[in-house]
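Take a look at the structure set out below.
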Amino acid sequence: MPRILYADNDYPDIALERAIFDPAGVEIVTAQCKTEDEVIAHGRDCCAILLQYAPITAKVIAALPAVGIVSRIGAGFDTVDTEACATAGVWVANSPDYGVGEVATHALALALASIRNVVAYDRDVRAGTWHFESSGAIPRASSLTLGIVGLGRIGKRMAHIARNAFARVVAYDPYLIDGDFPAYVERVPSLADLARTADVVSVHTPLTRETRGMLDAAFFGAMKPGTYFVNTARGAIVNIPDLVAALHAGSVRAAGLDVLPEEPVPPGSPLLAHPRVILTPHAAFYSVEAEKELRRKAARNIVTWLATGRPDYVVTAGTRRYAG
Ligand code: NAI
């Protein structure tokens, strides 16, 4: 009987996964692995790993030669060493398209809440101040330009739902051909051009070697004064000290952040003290429906791989099959 390691999860129960694995005759080993050694200890005799945040490193892959597939419950896969998996022939799968609308609407919500001072007004009203200018001047949203960094699934959806709120939508994505840009999105040739053009920046790239720390002092320094900044992609794409400096300098007027390099936000972080920073707890993906779809797709990758030798959603192609 195939046995899989459910390496970690923060769900109240795993009835949803059991309903997929039980009929397929798959046994589930559950754990809450935080370290490589815990994954290795629990993953012995398993042919697959289903994970939320557990580290799947070269050391883990080397120590578990029976594992043929790693399936991430989520779109991002930065806790998985995809190169080590590819070298070893281990498939890497994910659940990429369950929450495109959720993340895009969350990004738009953070952008509009920042522009319209929603959180600051609420704070002021509760403190006894009732005045439309209590939190400073507000520009007209329909005169602003939205700049999207990374025009993939979520970036495109963001452009689509946001375009009626703003004057223009521009985007920077060096990996797309012109034909991949919707007619209502103008292409800008560089990150610096995006910084110079946009009044509202929304980040939608994956975290890669190239994008880690990509939004730094040079990027924020190129912005117009008073730009709004939203990140629902991955925290480590942004250099947080540089963002904090930009908030103080005024090139960034307000920031809406769903993701941080260190999650949860560390106590004492300057972001917590800043009045124009809105934080949400890596929740952009979430709706009741999206969570179910996310978990179902990640689990089904493994069942499909067992049946056919290939998962539904491939991040990195492998060669390993279930050996029985
Ligand atoms: P996608 O792969 O469809 O799109 C990413 C786009 O970024 C691609 O078009 C790619 O060409 C572009 N890109 C890559 N490197 C770039 C660079 N250096 N500069 C500019 N563009 C670049 O991915 P999708 O589905 O749109 O997701 C984007 C990211 O959103 C995910 O990688 C994930 O980290 C994050 N995410 C966050 C969630 C949350 O709850 N906050 C939930 C789901 C995804």
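Residues in the structure tokens are numbered from 1 in each chain, the chains being A, B, ... in the order shown, and ligands are numbered from 1 in the order shown.
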Stretch 281-292 of chain A surroundings by only C-alpha atoms, 9 Å radius, close-in-sequence under 2 positions cut, as a short mmCIF file (atom, residue, chain, number, x, y, z; two decimals) with C-alpha atoms, in the first residue's frame:
data_model
loop_
_atom_site.label_atom_id
_atom_site.label_comp_id
_atom_site.auth_asym_id
_atom_site.auth_seq_id
_atom_site.Cartn_x
_atom_site.Cartn_y
_atom_site.Cartn_z
CA LEU A 16 -10.69 16.48 3.08
CA GLY A 74 -0.03 26.40 -2.37
CA TYR A 98 -7.00 27.88 -6.70
CA GLY A 99 -6.94 31.45 -5.42
CA VAL A 100 -6.12 33.77 -8.30
CA GLY A 101 -9.27 35.83 -7.72
CA GLU A 102 -8.76 35.87 -3.95
CA VAL A 103 -5.18 37.22 -4.17
CA ALA A 104 -6.09 39.79 -6.81
CA THR A 105 -9.07 41.10 -4.82
CA HIS A 106 -6.94 41.18 -1.67
CA ALA A 107 -4.26 43.21 -3.47
CA THR A 232 0.78 40.00 -1.80
CA LEU A 257 1.64 43.98 3.02
CA ASP A 258 0.20 40.47 3.18
CA VAL A 259 3.59 38.75 3.12
CA LEU A 260 6.83 39.43 5.00
CA GLU A 263 6.23 35.51 9.23
CA PRO A 264 4.55 36.15 11.60
CA VAL A 265 5.72 39.76 11.83
CA LEU A 279 -0.62 44.25 7.53
CA LEU A 294 -6.14 24.33 -2.80
CA ARG A 295 -5.99 21.27 -0.58
CA ARG A 296 -7.89 19.07 -3.04
CA LYS A 297 -5.57 19.93 -5.94
#
Show me, as a PyMOL selection string, the residues that have an atom within 8 Å of A:Tyr184 when counting only C-alpha atoms, minus same-chain residues fewer than 6 positions from it.
chain A and resi 163+168-169
Requested write-out: N, CA, C and O atoms of the selected residues, as a JSON list (two decimals), in the first residue's frame:
[["chain", "number", "residue", "atom", "x", "y", "z"],
["A", 163, "ARG", "N", -8.73, 47.84, -13.28],
["A", 163, "ARG", "CA", -8.57, 48.84, -14.34],
["A", 163, "ARG", "C", -9.64, 49.91, -14.30],
["A", 163, "ARG", "O", -9.40, 51.05, -14.71],
["A", 168, "ARG", "N", -4.83, 54.35, -15.50],
["A", 168, "ARG", "CA", -4.03, 53.53, -16.42],
["A", 168, "ARG", "C", -3.51, 52.33, -15.65],
["A", 168, "ARG", "O", -3.32, 52.40, -14.44],
["A", 169, "VAL", "N", -3.23, 51.25, -16.39],
["A", 169, "VAL", "CA", -2.52, 50.12, -15.79],
["A", 169, "VAL", "C", -1.27, 49.87, -16.64],
["A", 169, "VAL", "O", -1.36, 49.72, -17.86]]
Skip stretch 249-251 of chain A itself and residues of its chain fewer than 4 positions away, then list as a PyMOL selection string all residues within 9 Å of it, counting only C-alpha atoms.
chain A and resi 220-228+244-245
Output of the above residues as a compact mmCIF listing (two decimals), in the first residue's frame, restricted to N, CA, C and O atoms:
# COMPACT_ATOMS: atom_id res chain seq x y z
N PHE A 220 12.71 51.96 -4.72
CA PHE A 220 11.89 52.95 -4.00
C PHE A 220 12.37 54.37 -4.29
O PHE A 220 11.58 55.31 -4.35
N GLY A 221 13.70 54.50 -4.49
CA GLY A 221 14.27 55.83 -4.78
C GLY A 221 13.82 56.37 -6.13
O GLY A 221 13.80 57.58 -6.35
N ALA A 222 13.49 55.46 -7.07
CA ALA A 222 13.07 55.90 -8.40
C ALA A 222 11.59 56.30 -8.45
O ALA A 222 11.12 56.85 -9.44
N MET A 223 10.86 56.00 -7.34
CA MET A 223 9.41 56.27 -7.34
C MET A 223 9.10 57.76 -7.26
O MET A 223 9.89 58.54 -6.73
N LYS A 224 7.89 58.10 -7.71
CA LYS A 224 7.39 59.45 -7.47
C LYS A 224 7.13 59.58 -5.97
O LYS A 224 6.78 58.58 -5.33
N PRO A 225 7.20 60.79 -5.42
CA PRO A 225 6.83 60.93 -4.00
C PRO A 225 5.37 60.53 -3.79
O PRO A 225 4.51 60.82 -4.65
N GLY A 226 5.10 59.83 -2.73
CA GLY A 226 3.71 59.53 -2.37
C GLY A 226 3.13 58.30 -3.05
O GLY A 226 1.91 58.16 -3.15
N THR A 227 3.98 57.39 -3.51
CA THR A 227 3.48 56.17 -4.16
C THR A 227 2.91 55.19 -3.12
O THR A 227 3.39 55.11 -2.00
N TYR A 228 1.88 54.47 -3.53
CA TYR A 228 1.30 53.42 -2.68
C TYR A 228 1.91 52.10 -3.09
O TYR A 228 2.09 51.84 -4.29
N VAL A 244 10.97 50.68 4.74
CA VAL A 244 10.72 51.53 5.92
C VAL A 244 11.36 52.90 5.70
O VAL A 244 10.75 53.95 5.96
N ALA A 245 12.58 52.90 5.15
CA ALA A 245 13.26 54.18 4.87
C ALA A 245 12.46 54.98 3.85
O ALA A 245 12.32 56.21 3.98
A:Ala41, A:Val277, A:Val70, A:Val170 ranked by distance to A:Ala299, top pick (using only C-alpha atoms)
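Result for the nearest residue to A:Ala299: A:Val70.
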Which residues are near A:Trp91? Cut-off 12 Å, only C-alpha atoms, ignore same chain within fewer than 2 positions. Put them as a ChimeraX atom specification.
/A:47-50,61,67-72,80-89,93-94,301-302,305-306,309-322
Convert the current residue selection to file output with C-alpha atoms, as an mmCIF file, in the first residue's frame.
data_model
loop_
_atom_site.group_PDB
_atom_site.id
_atom_site.type_symbol
_atom_site.label_atom_id
_atom_site.label_comp_id
_atom_site.auth_asym_id
_atom_site.auth_seq_id
_atom_site.Cartn_x
_atom_site.Cartn_y
_atom_site.Cartn_z
ATOM 1 C CA CYS A 47 6.681 7.487 -1.641
ATOM 2 C CA ALA A 48 5.359 11.055 -1.586
ATOM 3 C CA ILE A 49 5.354 14.202 0.555
ATOM 4 C CA LEU A 50 2.422 16.582 0.868
ATOM 5 C CA ILE A 61 15.820 14.413 -0.922
ATOM 6 C CA VAL A 67 10.119 9.665 -2.394
ATOM 7 C CA GLY A 68 9.018 10.241 -5.999
ATOM 8 C CA ILE A 69 6.938 13.390 -5.634
ATOM 9 C CA VAL A 70 6.661 16.457 -3.439
ATOM 10 C CA SER A 71 3.346 18.315 -3.622
ATOM 11 C CA ARG A 72 3.027 21.785 -2.105
ATOM 12 C CA VAL A 80 11.233 23.195 -1.839
ATOM 13 C CA ASP A 81 14.701 22.913 -3.406
ATOM 14 C CA THR A 82 13.435 22.332 -6.940
ATOM 15 C CA GLU A 83 16.954 21.935 -8.367
ATOM 16 C CA ALA A 84 17.785 19.146 -5.920
ATOM 17 C CA CYS A 85 14.458 17.484 -6.772
ATOM 18 C CA ALA A 86 15.064 17.778 -10.524
ATOM 19 C CA THR A 87 18.571 16.358 -10.209
ATOM 20 C CA ALA A 88 17.234 13.388 -8.234
ATOM 21 C CA GLY A 89 14.266 12.857 -10.591
ATOM 22 C CA ALA A 93 3.913 19.704 -7.939
ATOM 23 C CA ASN A 94 1.815 22.546 -6.561
ATOM 24 C CA ASN A 301 -1.386 15.594 -7.607
ATOM 25 C CA ILE A 302 -0.156 12.590 -5.631
ATOM 26 C CA TRP A 305 1.055 10.585 -10.059
ATOM 27 C CA LEU A 306 0.452 7.170 -8.460
ATOM 28 C CA GLY A 309 3.370 8.636 -13.278
ATOM 29 C CA ARG A 310 2.743 12.398 -13.643
ATOM 30 C CA PRO A 311 0.971 14.904 -11.341
ATOM 31 C CA ASP A 312 -1.757 17.282 -12.521
ATOM 32 C CA TYR A 313 0.245 20.468 -11.833
ATOM 33 C CA VAL A 314 3.956 20.117 -12.610
ATOM 34 C CA VAL A 315 6.477 22.613 -11.199
ATOM 35 C CA THR A 316 9.519 20.456 -12.010
ATOM 36 C CA ALA A 317 9.277 17.286 -14.067
ATOM 37 C CA GLY A 318 10.741 14.184 -12.475
ATOM 38 C CA THR A 319 11.428 10.641 -13.565
ATOM 39 C CA ARG A 320 10.542 8.637 -10.471
ATOM 40 C CA ARG A 321 7.492 6.398 -10.390
ATOM 41 C CA TYR A 322 5.924 4.562 -7.501
#
Sel. of strand (DSSP E) residues, stretch 84-240 of chain A, as a PyMOL selection string
chain A and resi 91-93+145-149+168-172+186-187+200-203+227-231
Write a file of the selected residues as a PDB file, in the first residue's frame, keeping N, CA and C atoms.
ATOM      1  N   TRP A  91       9.533  14.496  -8.768  1.00  0.00           N
ATOM      2  CA  TRP A  91       8.559  15.461  -9.281  1.00  0.00           C
ATOM      3  C   TRP A  91       8.254  16.509  -8.204  1.00  0.00           C
ATOM      4  N   VAL A  92       8.099  17.759  -8.643  1.00  0.00           N
ATOM      5  CA  VAL A  92       7.596  18.796  -7.738  1.00  0.00           C
ATOM      6  C   VAL A  92       6.274  19.297  -8.328  1.00  0.00           C
ATOM      7  N   ALA A  93       5.236  19.280  -7.483  1.00  0.00           N
ATOM      8  CA  ALA A  93       3.913  19.704  -7.939  1.00  0.00           C
ATOM      9  C   ALA A  93       3.389  20.764  -6.976  1.00  0.00           C
ATOM     10  N   THR A 145      -2.083  55.918 -11.704  1.00  0.00           N
ATOM     11  CA  THR A 145      -1.614  54.812 -12.554  1.00  0.00           C
ATOM     12  C   THR A 145      -1.219  53.636 -11.670  1.00  0.00           C
ATOM     13  N   LEU A 146      -1.790  52.482 -11.986  1.00  0.00           N
ATOM     14  CA  LEU A 146      -1.429  51.249 -11.271  1.00  0.00           C
ATOM     15  C   LEU A 146      -0.287  50.576 -12.016  1.00  0.00           C
ATOM     16  N   GLY A 147       0.760  50.210 -11.282  1.00  0.00           N
ATOM     17  CA  GLY A 147       1.898  49.511 -11.882  1.00  0.00           C
ATOM     18  C   GLY A 147       2.009  48.102 -11.313  1.00  0.00           C
ATOM     19  N   ILE A 148       1.984  47.113 -12.194  1.00  0.00           N
ATOM     20  CA  ILE A 148       2.009  45.722 -11.750  1.00  0.00           C
ATOM     21  C   ILE A 148       3.379  45.126 -12.061  1.00  0.00           C
ATOM     22  N   VAL A 149       4.008  44.534 -11.048  1.00  0.00           N
ATOM     23  CA  VAL A 149       5.290  43.859 -11.243  1.00  0.00           C
ATOM     24  C   VAL A 149       5.000  42.362 -11.301  1.00  0.00           C
ATOM     25  N   ARG A 168      -4.832  54.354 -15.501  1.00  0.00           N
ATOM     26  CA  ARG A 168      -4.030  53.526 -16.416  1.00  0.00           C
ATOM     27  C   ARG A 168      -3.508  52.329 -15.649  1.00  0.00           C
ATOM     28  N   VAL A 169      -3.229  51.253 -16.387  1.00  0.00           N
ATOM     29  CA  VAL A 169      -2.516  50.118 -15.792  1.00  0.00           C
ATOM     30  C   VAL A 169      -1.270  49.874 -16.639  1.00  0.00           C
ATOM     31  N   VAL A 170      -0.104  49.864 -15.979  1.00  0.00           N
ATOM     32  CA  VAL A 170       1.143  49.513 -16.670  1.00  0.00           C
ATOM     33  C   VAL A 170       1.721  48.287 -15.967  1.00  0.00           C
ATOM     34  N   ALA A 171       2.580  47.555 -16.666  1.00  0.00           N
ATOM     35  CA  ALA A 171       3.156  46.361 -16.041  1.00  0.00           C
ATOM     36  C   ALA A 171       4.570  46.123 -16.536  1.00  0.00           C
ATOM     37  N   TYR A 172       5.361  45.527 -15.633  1.00  0.00           N
ATOM     38  CA  TYR A 172       6.716  45.094 -15.983  1.00  0.00           C
ATOM     39  C   TYR A 172       6.789  43.585 -15.818  1.00  0.00           C
ATOM     40  N   GLU A 186      -0.405  48.599 -20.380  1.00  0.00           N
ATOM     41  CA  GLU A 186       0.740  49.105 -21.138  1.00  0.00           C
ATOM     42  C   GLU A 186       2.019  48.490 -20.598  1.00  0.00           C
ATOM     43  N   ARG A 187       2.883  48.087 -21.496  1.00  0.00           N
ATOM     44  CA  ARG A 187       4.146  47.476 -21.083  1.00  0.00           C
ATOM     45  C   ARG A 187       5.162  48.560 -20.752  1.00  0.00           C
ATOM     46  N   VAL A 200       0.671  53.623  -7.871  1.00  0.00           N
ATOM     47  CA  VAL A 200       0.326  52.490  -7.012  1.00  0.00           C
ATOM     48  C   VAL A 200       1.076  51.293  -7.581  1.00  0.00           C
ATOM     49  N   VAL A 201       1.901  50.640  -6.762  1.00  0.00           N
ATOM     50  CA  VAL A 201       2.665  49.472  -7.235  1.00  0.00           C
ATOM     51  C   VAL A 201       2.126  48.223  -6.554  1.00  0.00           C
ATOM     52  N   SER A 202       1.853  47.177  -7.338  1.00  0.00           N
ATOM     53  CA  SER A 202       1.406  45.916  -6.760  1.00  0.00           C
ATOM     54  C   SER A 202       2.308  44.796  -7.272  1.00  0.00           C
ATOM     55  N   VAL A 203       2.832  43.990  -6.352  1.00  0.00           N
ATOM     56  CA  VAL A 203       3.858  42.990  -6.689  1.00  0.00           C
ATOM     57  C   VAL A 203       3.215  41.616  -6.842  1.00  0.00           C
ATOM     58  N   THR A 227       3.982  57.389  -3.507  1.00  0.00           N
ATOM     59  CA  THR A 227       3.482  56.171  -4.165  1.00  0.00           C
ATOM     60  C   THR A 227       2.911  55.194  -3.122  1.00  0.00           C
ATOM     61  N   TYR A 228       1.877  54.474  -3.527  1.00  0.00           N
ATOM     62  CA  TYR A 228       1.296  53.424  -2.679  1.00  0.00           C
ATOM     63  C   TYR A 228       1.914  52.095  -3.087  1.00  0.00           C
ATOM     64  N   PHE A 229       2.219  51.249  -2.097  1.00  0.00           N
ATOM     65  CA  PHE A 229       2.943  50.010  -2.384  1.00  0.00           C
ATOM     66  C   PHE A 229       2.198  48.829  -1.773  1.00  0.00           C
ATOM     67  N   VAL A 230       1.957  47.794  -2.589  1.00  0.00           N
ATOM     68  CA  VAL A 230       1.220  46.614  -2.120  1.00  0.00           C
ATOM     69  C   VAL A 230       2.017  45.365  -2.466  1.00  0.00           C
ATOM     70  N   ASN A 231       2.175  44.471  -1.493  1.00  0.00           N
ATOM     71  CA  ASN A 231       2.836  43.191  -1.771  1.00  0.00           C
ATOM     72  C   ASN A 231       1.990  42.042  -1.241  1.00  0.00           C
TER      73      ASN A 231
END
What is the atom CA of A:Ala7-atom CA of A:Leu207 distance in Å, reported with one decimal?
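Between atom CA of A:Ala7 and atom CA of A:Leu207 the gap works out to 22.0 Å.
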Please run DSSP on the backbone and report, as a ChimeraX atom specification, all residues within stretch 169-277 of chain A that come out as helix (DSSP H, G or I).
/A:178-180,191-197,217-222,235-237,240-249,270-273
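Coordinates place atom CA of A:Lys59 at a distance of 24.3 Å from atom CA of A:Arg234.
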Closest of A:Asn239, A:Thr79, A:Ser134, A:Thr197 to A:Gly213 - atom-to-atom distances counting only C-alpha atoms
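Nearest to A:Gly213: A:Asn239.
Considering only C-alpha atoms, the residue among A:Ala236, A:Ala183, A:Leu112, A:Ile28 positioned nearest to A:Ala254 is A:Leu112.
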Atomic distance atom 33 (C, counted along the ligand's line) of ligand 1 - atom CA of A:Phe77, expressed in Å with one decimal
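So the answer is 8.0 Å.
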Nearest to ligand 1 by atom-to-atom distance, counting only C-alpha atoms and all ligand atoms, from A:Asp180, A:Asp124, A:Asp45, A:Asp193
A:Asp180
Name the residues in contact with A:Ala120 at a cut-off of 10 Å, using only C-alpha atoms, excluding same-chain residues fewer than 3 positions from it; report them as a tab-separated table (two decimals) with all heavy atoms, in the first residue's frame.
chain	number	residue	atom	x	y	z
A	113	ALA	N	-7.71	50.42	0.29
A	113	ALA	CA	-7.74	50.77	1.72
A	113	ALA	C	-6.63	51.77	2.03
A	113	ALA	O	-6.83	52.71	2.81
A	113	ALA	CB	-7.59	49.52	2.58
A	114	SER	N	-5.46	51.58	1.38
A	114	SER	CA	-4.35	52.52	1.61
A	114	SER	C	-4.68	53.90	1.04
A	114	SER	O	-4.49	54.92	1.70
A	114	SER	CB	-3.07	52.00	0.94
A	114	SER	OG	-2.69	50.77	1.48
A	116	ARG	N	-7.63	55.18	0.29
A	116	ARG	CA	-8.81	55.80	0.91
A	116	ARG	C	-8.67	55.93	2.44
A	116	ARG	O	-9.63	56.30	3.12
A	116	ARG	CB	-10.07	54.99	0.58
A	116	ARG	CG	-10.43	54.93	-0.90
A	116	ARG	CD	-10.76	56.27	-1.54
A	116	ARG	NE	-11.64	57.09	-0.73
A	116	ARG	CZ	-11.87	58.40	-0.94
A	116	ARG	NH1	-11.27	59.03	-1.93
A	116	ARG	NH2	-12.68	59.07	-0.17
A	117	ASN	N	-7.49	55.59	2.99
A	117	ASN	CA	-7.22	55.75	4.42
A	117	ASN	C	-8.20	54.96	5.31
A	117	ASN	O	-8.52	55.40	6.43
A	117	ASN	CB	-7.30	57.23	4.84
A	117	ASN	CG	-6.02	57.98	4.52
A	117	ASN	OD1	-4.98	57.37	4.30
A	117	ASN	ND2	-6.10	59.29	4.51
A	123	ARG	N	-9.29	53.93	12.92
A	123	ARG	CA	-8.54	54.21	14.14
A	123	ARG	C	-8.93	55.58	14.70
A	123	ARG	O	-9.17	55.73	15.91
A	123	ARG	CB	-7.04	54.20	13.81
A	123	ARG	CG	-6.21	53.42	14.78
A	123	ARG	CD	-4.82	53.08	14.27
A	123	ARG	NE	-4.34	53.79	13.11
A	123	ARG	CZ	-3.63	53.22	12.13
A	123	ARG	NH1	-3.35	51.94	12.16
A	123	ARG	NH2	-3.19	53.94	11.12
A	124	ASP	N	-9.03	56.57	13.82
A	124	ASP	CA	-9.37	57.93	14.26
A	124	ASP	C	-10.78	57.98	14.86
A	124	ASP	O	-11.00	58.59	15.91
A	124	ASP	CB	-9.30	58.91	13.08
A	124	ASP	CG	-7.89	59.04	12.53
A	124	ASP	OD1	-6.94	58.62	13.23
A	124	ASP	OD2	-7.73	59.55	11.40
A	125	VAL	N	-11.73	57.35	14.18
A	125	VAL	CA	-13.13	57.38	14.65
A	125	VAL	C	-13.22	56.75	16.04
A	125	VAL	O	-13.85	57.29	16.94
A	125	VAL	CB	-14.05	56.66	13.64
A	125	VAL	CG1	-15.44	56.43	14.24
A	125	VAL	CG2	-14.16	57.47	12.35
A	126	ARG	N	-12.55	55.61	16.20
A	126	ARG	CA	-12.59	54.94	17.51
A	126	ARG	C	-11.93	55.78	18.60
A	126	ARG	O	-12.26	55.67	19.78
A	126	ARG	CB	-11.91	53.57	17.45
A	126	ARG	CG	-12.74	52.54	16.74
A	126	ARG	CD	-11.92	51.30	16.41
A	126	ARG	NE	-12.55	50.58	15.33
A	126	ARG	CZ	-13.56	49.72	15.50
A	126	ARG	NH1	-14.01	49.46	16.71
A	126	ARG	NH2	-14.09	49.12	14.46
A	134	SER	N	-9.08	63.68	8.76
A	134	SER	CA	-8.33	63.29	9.96
A	134	SER	C	-7.05	62.55	9.62
A	134	SER	O	-6.11	62.56	10.40
A	134	SER	CB	-9.21	62.43	10.88
A	134	SER	OG	-9.48	61.18	10.27
A	135	SER	N	-7.03	61.88	8.48
A	135	SER	CA	-5.84	61.09	8.14
A	135	SER	C	-5.09	61.63	6.94
A	135	SER	O	-4.37	60.90	6.27
A	135	SER	CB	-6.25	59.63	7.90
A	135	SER	OG	-6.71	59.08	9.10
A	136	GLY	N	-5.26	62.90	6.65
A	136	GLY	CA	-4.49	63.52	5.58
A	136	GLY	C	-5.23	63.56	4.26
A	136	GLY	O	-6.35	63.07	4.14
A	275	PRO	N	2.04	54.27	11.03
A	275	PRO	CA	0.59	54.48	10.91
A	275	PRO	C	0.03	54.23	9.50
A	275	PRO	O	-1.17	54.06	9.34
A	275	PRO	CB	0.41	55.96	11.29
A	275	PRO	CG	1.74	56.59	11.05
A	275	PRO	CD	2.76	55.51	11.31
A	276	ARG	N	0.88	54.24	8.49
A	276	ARG	CA	0.36	54.05	7.13
A	276	ARG	C	0.77	52.70	6.54
A	276	ARG	O	0.82	52.53	5.32
A	276	ARG	CB	0.78	55.21	6.23
A	276	ARG	CG	0.04	56.52	6.57
A	276	ARG	CD	0.23	57.58	5.52
A	276	ARG	NE	1.63	57.83	5.26
A	276	ARG	CZ	2.43	58.57	5.99
A	276	ARG	NH1	1.96	59.18	7.07
A	276	ARG	NH2	3.70	58.74	5.67
A	277	VAL	N	1.03	51.75	7.42
A	277	VAL	CA	1.29	50.38	6.96
A	277	VAL	C	0.11	49.52	7.38
A	277	VAL	O	-0.31	49.53	8.54
A	277	VAL	CB	2.59	49.82	7.58
A	277	VAL	CG1	2.74	48.33	7.25
A	277	VAL	CG2	3.80	50.60	7.05
A	278	ILE	N	-0.47	48.80	6.42
A	278	ILE	CA	-1.54	47.85	6.71
A	278	ILE	C	-0.96	46.45	6.56
A	278	ILE	O	-0.33	46.14	5.54
A	278	ILE	CB	-2.72	48.00	5.72
A	278	ILE	CG1	-3.26	49.42	5.73
A	278	ILE	CG2	-3.82	47.01	6.06
A	278	ILE	CD1	-4.37	49.65	4.70
Neighbour list for A:Tyr175 as a list of chain:residue names, cut-off 10 Å, only C-alpha atoms, skip fewer than 4 positions in-chain:
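Neighbouring residues, sequence-local ones excluded: A:Gly150, A:Leu151, A:Gly152, A:Asp180.
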Given the choices A:Ala19, A:Val188, A:Leu64, A:Ile154, which gets closest to ligand 1 if the distance is worked out from only C-alpha atoms and all ligand atoms?
A:Ile154
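In terms of minimum interatomic distance to A:Arg18, A:Val303 ranks closest within A:Gly235, A:Val303, A:Met1, A:Gly324, counting only C-alpha atoms.
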